[in-house]
file input-v2.pdb (PDB, C-alpha atoms, pLDDT in the B column)
MODEL        1
ATOM      1  CA  GLN I   7      81.941 -27.553  26.004  1.00 94.00           C
ATOM      2  CA  VAL I   8      81.298 -30.035  28.809  1.00 97.00           C
ATOM      3  CA  GLN I   9      82.747 -29.100  32.181  1.00 97.00           C
ATOM      4  CA  LEU I  10      82.619 -30.532  35.679  1.00 98.00           C
ATOM      5  CA  VAL I  11      84.290 -28.328  38.261  1.00 98.00           C
ATOM      6  CA  GLU I  12      84.864 -29.596  41.794  1.00 97.00           C
ATOM      7  CA  SER I  13      85.525 -27.415  44.810  1.00 97.00           C
ATOM      8  CA  GLY I  14      85.559 -27.604  48.593  1.00 98.00           C
ATOM      9  CA  GLY I  15      88.587 -29.767  49.213  1.00 97.00           C
ATOM     10  CA  GLY I  16      91.278 -28.935  51.719  1.00 97.00           C
ATOM     11  CA  LEU I  17      93.071 -29.946  54.886  1.00 98.00           C
ATOM     12  CA  VAL I  18      90.948 -31.105  57.803  1.00 98.00           C
ATOM     13  CA  GLN I  19      91.689 -32.792  61.117  1.00 98.00           C
ATOM     14  CA  PRO I  20      90.472 -36.334  61.836  1.00 98.00           C
ATOM     15  CA  GLY I  21      86.847 -36.226  62.902  1.00 98.00           C
ATOM     16  CA  GLY I  22      86.226 -33.048  60.937  1.00 98.00           C
ATOM     17  CA  SER I  23      83.893 -32.301  58.058  1.00 98.00           C
ATOM     18  CA  LEU I  24      84.075 -31.011  54.510  1.00 98.00           C
ATOM     19  CA  ARG I  25      81.495 -30.386  51.814  1.00 98.00           C
ATOM     20  CA  LEU I  26      82.532 -30.943  48.223  1.00 98.00           C
ATOM     21  CA  SER I  27      80.638 -29.396  45.330  1.00 98.00           C
ATOM     22  CA  CYS I  28      80.703 -30.169  41.621  1.00 98.00           C
ATOM     23  CA  VAL I  29      79.076 -27.878  39.079  1.00 98.00           C
ATOM     24  CA  GLY I  30      78.286 -29.203  35.635  1.00 98.00           C
ATOM     25  CA  SER I  31      77.873 -27.255  32.401  1.00 98.00           C
ATOM     26  CA  GLY I  32      77.626 -27.952  28.688  1.00 97.00           C
ATOM     27  CA  PHE I  33      75.257 -30.910  29.092  1.00 97.00           C
ATOM     28  CA  THR I  34      71.775 -31.613  30.470  1.00 97.00           C
ATOM     29  CA  PHE I  35      72.803 -32.186  34.067  1.00 98.00           C
ATOM     30  CA  SER I  36      69.414 -33.425  35.274  1.00 98.00           C
ATOM     31  CA  ARG I  37      69.526 -36.396  32.880  1.00 98.00           C
ATOM     32  CA  TYR I  38      72.798 -37.756  34.218  1.00 98.00           C
ATOM     33  CA  ALA I  39      73.506 -39.997  37.161  1.00 98.00           C
ATOM     34  CA  MET I  40      76.299 -38.476  39.229  1.00 98.00           C
ATOM     35  CA  ARG I  41      79.083 -40.187  41.094  1.00 98.00           C
ATOM     36  CA  TRP I  42      81.949 -39.268  43.366  1.00 98.00           C
ATOM     37  CA  TYR I  43      85.166 -41.234  43.066  1.00 98.00           C
ATOM     38  CA  ARG I  44      88.417 -40.905  44.949  1.00 98.00           C
ATOM     39  CA  GLN I  45      92.003 -41.881  44.296  1.00 98.00           C
ATOM     40  CA  ALA I  46      94.650 -42.094  46.965  1.00 96.00           C
ATOM     41  CA  PRO I  47      98.386 -42.106  46.125  1.00 91.00           C
ATOM     42  CA  GLY I  48      99.430 -45.469  44.768  1.00 94.00           C
ATOM     43  CA  LYS I  49      95.885 -46.800  44.710  1.00 96.00           C
ATOM     44  CA  GLU I  50      93.224 -47.315  42.066  1.00 97.00           C
ATOM     45  CA  ARG I  51      90.345 -44.911  41.682  1.00 97.00           C
ATOM     46  CA  GLU I  52      87.344 -46.121  43.690  1.00 97.00           C
ATOM     47  CA  LEU I  53      83.656 -45.267  43.615  1.00 98.00           C
ATOM     48  CA  VAL I  54      82.495 -43.803  46.928  1.00 98.00           C
ATOM     49  CA  ALA I  55      78.972 -42.511  46.242  1.00 98.00           C
ATOM     50  CA  ALA I  56      76.378 -42.360  43.487  1.00 98.00           C
ATOM     51  CA  ILE I  57      73.037 -40.635  42.981  1.00 98.00           C
ATOM     52  CA  SER I  58      70.360 -41.140  40.348  1.00 98.00           C
ATOM     53  CA  SER I  59      69.448 -38.401  37.877  1.00 97.00           C
ATOM     54  CA  PRO I  60      66.332 -37.244  39.777  1.00 97.00           C
ATOM     55  CA  GLY I  61      68.118 -37.692  43.099  1.00 95.00           C
ATOM     56  CA  ASP I  62      65.768 -40.293  44.540  1.00 96.00           C
ATOM     57  CA  SER I  63      68.289 -43.103  44.820  1.00 98.00           C
ATOM     58  CA  THR I  64      71.759 -43.188  46.349  1.00 98.00           C
ATOM     59  CA  ASP I  65      74.462 -45.774  46.919  1.00 98.00           C
ATOM     60  CA  TYR I  66      77.688 -45.786  48.912  1.00 98.00           C
ATOM     61  CA  ALA I  67      80.866 -47.747  49.319  1.00 97.00           C
ATOM     62  CA  ASP I  68      80.871 -49.715  52.562  1.00 97.00           C
ATOM     63  CA  SER I  69      83.896 -47.759  53.791  1.00 95.00           C
ATOM     64  CA  VAL I  70      81.980 -44.451  53.795  1.00 96.00           C
ATOM     65  CA  LYS I  71      78.424 -45.477  54.730  1.00 97.00           C
ATOM     66  CA  GLY I  72      77.060 -43.368  57.554  1.00 96.00           C
ATOM     67  CA  ARG I  73      79.780 -40.728  57.147  1.00 98.00           C
ATOM     68  CA  LEU I  74      79.441 -39.401  53.587  1.00 98.00           C
ATOM     69  CA  THR I  75      76.226 -38.157  51.994  1.00 98.00           C
ATOM     70  CA  ILE I  76      75.696 -37.448  48.312  1.00 98.00           C
ATOM     71  CA  SER I  77      72.989 -35.038  47.171  1.00 98.00           C
ATOM     72  CA  ARG I  78      72.187 -32.933  44.140  1.00 98.00           C
ATOM     73  CA  ASP I  79      70.377 -29.767  43.123  1.00 98.00           C
ATOM     74  CA  ASN I  80      69.372 -30.063  39.478  1.00 98.00           C
ATOM     75  CA  ALA I  81      68.239 -26.431  39.395  1.00 98.00           C
ATOM     76  CA  LYS I  82      71.835 -25.452  40.169  1.00 98.00           C
ATOM     77  CA  ASN I  83      73.501 -28.198  38.097  1.00 98.00           C
ATOM     78  CA  THR I  84      75.367 -29.178  41.230  1.00 98.00           C
ATOM     79  CA  VAL I  85      76.160 -32.385  43.081  1.00 98.00           C
ATOM     80  CA  TYR I  86      77.459 -32.363  46.645  1.00 98.00           C
ATOM     81  CA  LEU I  87      79.368 -34.711  48.893  1.00 98.00           C
ATOM     82  CA  GLN I  88      78.976 -33.994  52.595  1.00 98.00           C
ATOM     83  CA  MET I  89      81.853 -35.650  54.422  1.00 98.00           C
ATOM     84  CA  ASN I  90      81.638 -36.089  58.198  1.00 98.00           C
ATOM     85  CA  SER I  91      83.751 -37.942  60.757  1.00 98.00           C
ATOM     86  CA  LEU I  92      86.672 -37.870  58.368  1.00 98.00           C
ATOM     87  CA  LYS I  93      89.531 -40.310  58.798  1.00 97.00           C
ATOM     88  CA  PRO I  94      93.131 -40.203  57.564  1.00 96.00           C
ATOM     89  CA  GLU I  95      92.269 -43.000  55.137  1.00 96.00           C
ATOM     90  CA  ASP I  96      89.800 -40.653  53.431  1.00 97.00           C
ATOM     91  CA  THR I  97      92.784 -38.669  52.130  1.00 98.00           C
ATOM     92  CA  ALA I  98      92.590 -38.684  48.330  1.00 98.00           C
ATOM     93  CA  VAL I  99      91.789 -36.666  45.257  1.00 98.00           C
ATOM     94  CA  TYR I 100      88.018 -36.640  44.844  1.00 98.00           C
ATOM     95  CA  PHE I 101      86.510 -36.603  41.351  1.00 98.00           C
ATOM     96  CA  CYS I 102      82.943 -36.100  40.236  1.00 98.00           C
ATOM     97  CA  ASN I 103      81.620 -38.082  37.307  1.00 98.00           C
ATOM     98  CA  ALA I 104      78.527 -37.689  35.124  1.00 98.00           C
ATOM     99  CA  VAL I 105      77.243 -40.761  33.322  1.00 98.00           C
ATOM    100  CA  ARG I 106      74.369 -41.466  30.964  1.00 97.00           C
ATOM    101  CA  MET I 107      74.335 -44.434  28.616  1.00 94.00           C
ATOM    102  CA  THR I 108      77.640 -44.248  26.726  1.00 93.00           C
ATOM    103  CA  GLN I 109      78.477 -40.687  27.819  1.00 95.00           C
ATOM    104  CA  ASN I 110      80.900 -40.281  30.669  1.00 96.00           C
ATOM    105  CA  TYR I 111      82.366 -36.971  31.885  1.00 98.00           C
ATOM    106  CA  TRP I 112      84.961 -36.266  34.569  1.00 98.00           C
ATOM    107  CA  GLY I 113      86.045 -33.299  36.613  1.00 97.00           C
ATOM    108  CA  GLN I 114      89.636 -32.397  37.359  1.00 97.00           C
ATOM    109  CA  GLY I 115      89.472 -33.430  41.002  1.00 97.00           C
ATOM    110  CA  THR I 116      89.858 -31.736  44.364  1.00 98.00           C
ATOM    111  CA  GLN I 117      92.340 -32.771  47.055  1.00 98.00           C
ATOM    112  CA  VAL I 118      91.105 -33.815  50.481  1.00 98.00           C
ATOM    113  CA  THR I 119      93.728 -34.314  53.174  1.00 98.00           C
ATOM    114  CA  VAL I 120      92.791 -35.603  56.623  1.00 98.00           C
ATOM    115  CA  SER I 121      95.645 -35.099  59.041  1.00 97.00           C
ATOM    116  CA  SER I 122      96.407 -33.733  62.484  1.00 95.00           C
TER
ENDMDL
END
call {"tool": "encode", "arguments": {"input": "input-v2.pdb", "output": "structure tokens"}}
result
Amino acid sequence: QVQLVESGGGLVQPGGSLRLSCVGSGFTFSRYAMRWYRQAPGKERELVAAISSPGDSTDYADSVKGRLTISRDNAKNTVYLQMNSLKPEDTAVYFCNAVRMTQNYWGQGTQVTVSS
């Protein structure tokens, strides 16, 4: 059974930091590119960060460049999203996504709220 389980969300003040984690199981994690998406209330889901299967290539949405960092540990079947200098507009549910060819798996999401 394929599972992606996110954790690390919560309430943080503007300018603060959070580290999201996503653990995969039931598939060969190291063969999949991993992505973090987010969806704010009333808005479409958007891609914020992506990392290649070996972890040697990353890409970011312009709105998060320089503040969010994606990384992975294939030995632990885990992808991370380090979030610094958080802004209220970063408030959303954050989802991790595993993709390889036609296979596409999603986690259940973790809420991030940036508010004073």
call {"tool": "resolve_selection", "arguments": {"input": "input-v2.pdb", "expression": "the PyMOL selection byres ((chain I and resi 118) around 12)", "output": "JSON, numbers by chain"}}
result
{"I": [12, 13, 14, 15, 16, 17, 18, 19, 20, 22, 23, 24, 25, 26, 44, 45, 46, 47, 87, 89, 92, 93, 94, 95, 96, 97, 98, 99, 100, 101, 115, 116, 117, 119, 120, 121]}
call {"tool": "residues_around", "arguments": {"input": "input-v2.pdb", "residues": "Ser63 in chain I", "least_positions_apart": "6", "cutoff": "12 Å", "atoms": "only C-alpha atoms", "output": "PyMOL selection string"}}
result
chain I and resi 39-41+55-57+75-78
call {"tool": "atom_distance", "arguments": {"input": "input-v2.pdb", "atom1": "CA of Leu10 in chain I", "atom2": "CA of Ala81 in chain I"}}
result
15.4 Å
call {"tool": "atom_distance", "arguments": {"input": "input-v2.pdb", "atom1": "CA of Thr34 in chain I", "atom2": "CA of Val54 in chain I"}}
result
23.1 Å
call {"tool": "atom_distance", "arguments": {"input": "input-v2.pdb", "atom1": "CA of Tyr66 in chain I", "atom2": "CA of Val85 in chain I"}}
result
14.7 Å
call {"tool": "closest_residue", "arguments": {"input": "input-v2.pdb", "among": "I:Gly21, I:Val11, I:Gln109, I:Asp65", "to": "Asn90 in chain I", "atoms": "all atoms listed in the file"}}
result
I:Gly21
call {"tool": "resolve_selection", "arguments": {"input": "input-v2.pdb", "expression": "the PyMOL selection byres ((chain I and resi 8) around 12)", "output": "JSON, numbers by chain"}}
result
{"I": [7, 9, 10, 11, 29, 30, 31, 32, 33, 34, 35, 103, 104, 109, 110, 111, 112, 113]}
call {"tool": "closest_residue", "arguments": {"input": "input-v2.pdb", "among": "I:Ser59, I:Thr108, I:Gln114, I:Ser69", "to": "Asn83 in chain I", "atoms": "only C-alpha atoms"}}
result
I:Ser59
call {"tool": "closest_residue", "arguments": {"input": "input-v2.pdb", "among": "I:Asp68, I:Asp62, I:Glu50, I:Asp79", "to": "Ser27 in chain I", "atoms": "all atoms listed in the file"}}
result
I:Asp79
call {"tool": "closest_residue", "arguments": {"input": "input-v2.pdb", "among": "I:Thr84, I:Ser36, I:Arg73, I:Ala67", "to": "Cys102 in chain I", "atoms": "only C-alpha atoms"}}
result
I:Thr84
call {"tool": "build_atoms", "arguments": {"input": "input-v2.pdb", "residues": "range 52-64 of chain I", "atoms": "N, CA, C and O atoms", "output": "short mmCIF file (atom, residue, chain, number, x, y, z; two decimals), in the coordinates of the input"}}
result
data_model
loop_
_atom_site.label_atom_id
_atom_site.label_comp_id
_atom_site.auth_asym_id
_atom_site.auth_seq_id
_atom_site.Cartn_x
_atom_site.Cartn_y
_atom_site.Cartn_z
N GLU I 52 88.47 -45.34 43.17
CA GLU I 52 87.34 -46.12 43.69
C GLU I 52 86.09 -45.26 43.76
O GLU I 52 86.13 -44.06 44.05
N LEU I 53 84.95 -45.93 43.52
CA LEU I 53 83.66 -45.27 43.62
C LEU I 53 83.26 -45.15 45.08
O LEU I 53 83.29 -46.16 45.80
N VAL I 54 82.90 -43.96 45.53
CA VAL I 54 82.50 -43.80 46.93
C VAL I 54 81.01 -43.52 47.08
O VAL I 54 80.41 -43.92 48.08
N ALA I 55 80.38 -42.84 46.11
CA ALA I 55 78.97 -42.51 46.24
C ALA I 55 78.37 -42.25 44.87
O ALA I 55 79.06 -41.76 43.97
N ALA I 56 77.09 -42.57 44.75
CA ALA I 56 76.38 -42.36 43.49
C ALA I 56 74.97 -41.90 43.77
O ALA I 56 74.38 -42.25 44.81
N ILE I 57 74.41 -41.12 42.84
CA ILE I 57 73.04 -40.64 42.98
C ILE I 57 72.37 -40.66 41.61
O ILE I 57 72.99 -40.35 40.59
N SER I 58 71.10 -41.05 41.60
CA SER I 58 70.36 -41.14 40.35
C SER I 58 70.08 -39.75 39.78
O SER I 58 70.23 -38.74 40.47
N SER I 59 69.66 -39.70 38.53
CA SER I 59 69.45 -38.40 37.88
C SER I 59 68.40 -37.54 38.59
O SER I 59 68.63 -36.34 38.76
N PRO I 60 67.26 -38.11 39.04
CA PRO I 60 66.33 -37.24 39.78
C PRO I 60 66.71 -37.05 41.24
O PRO I 60 66.10 -36.24 41.93
N GLY I 61 67.68 -37.83 41.72
CA GLY I 61 68.12 -37.69 43.10
C GLY I 61 67.37 -38.53 44.10
O GLY I 61 67.51 -38.33 45.31
N ASP I 62 66.59 -39.51 43.62
CA ASP I 62 65.77 -40.29 44.54
C ASP I 62 66.40 -41.62 44.95
O ASP I 62 65.80 -42.38 45.73
N SER I 63 67.61 -41.87 44.47
CA SER I 63 68.29 -43.10 44.82
C SER I 63 69.78 -42.83 45.00
O SER I 63 70.39 -42.14 44.17
N THR I 64 70.33 -43.37 46.08
CA THR I 64 71.76 -43.19 46.35
C THR I 64 72.40 -44.52 46.71
O THR I 64 71.71 -45.47 47.11
#
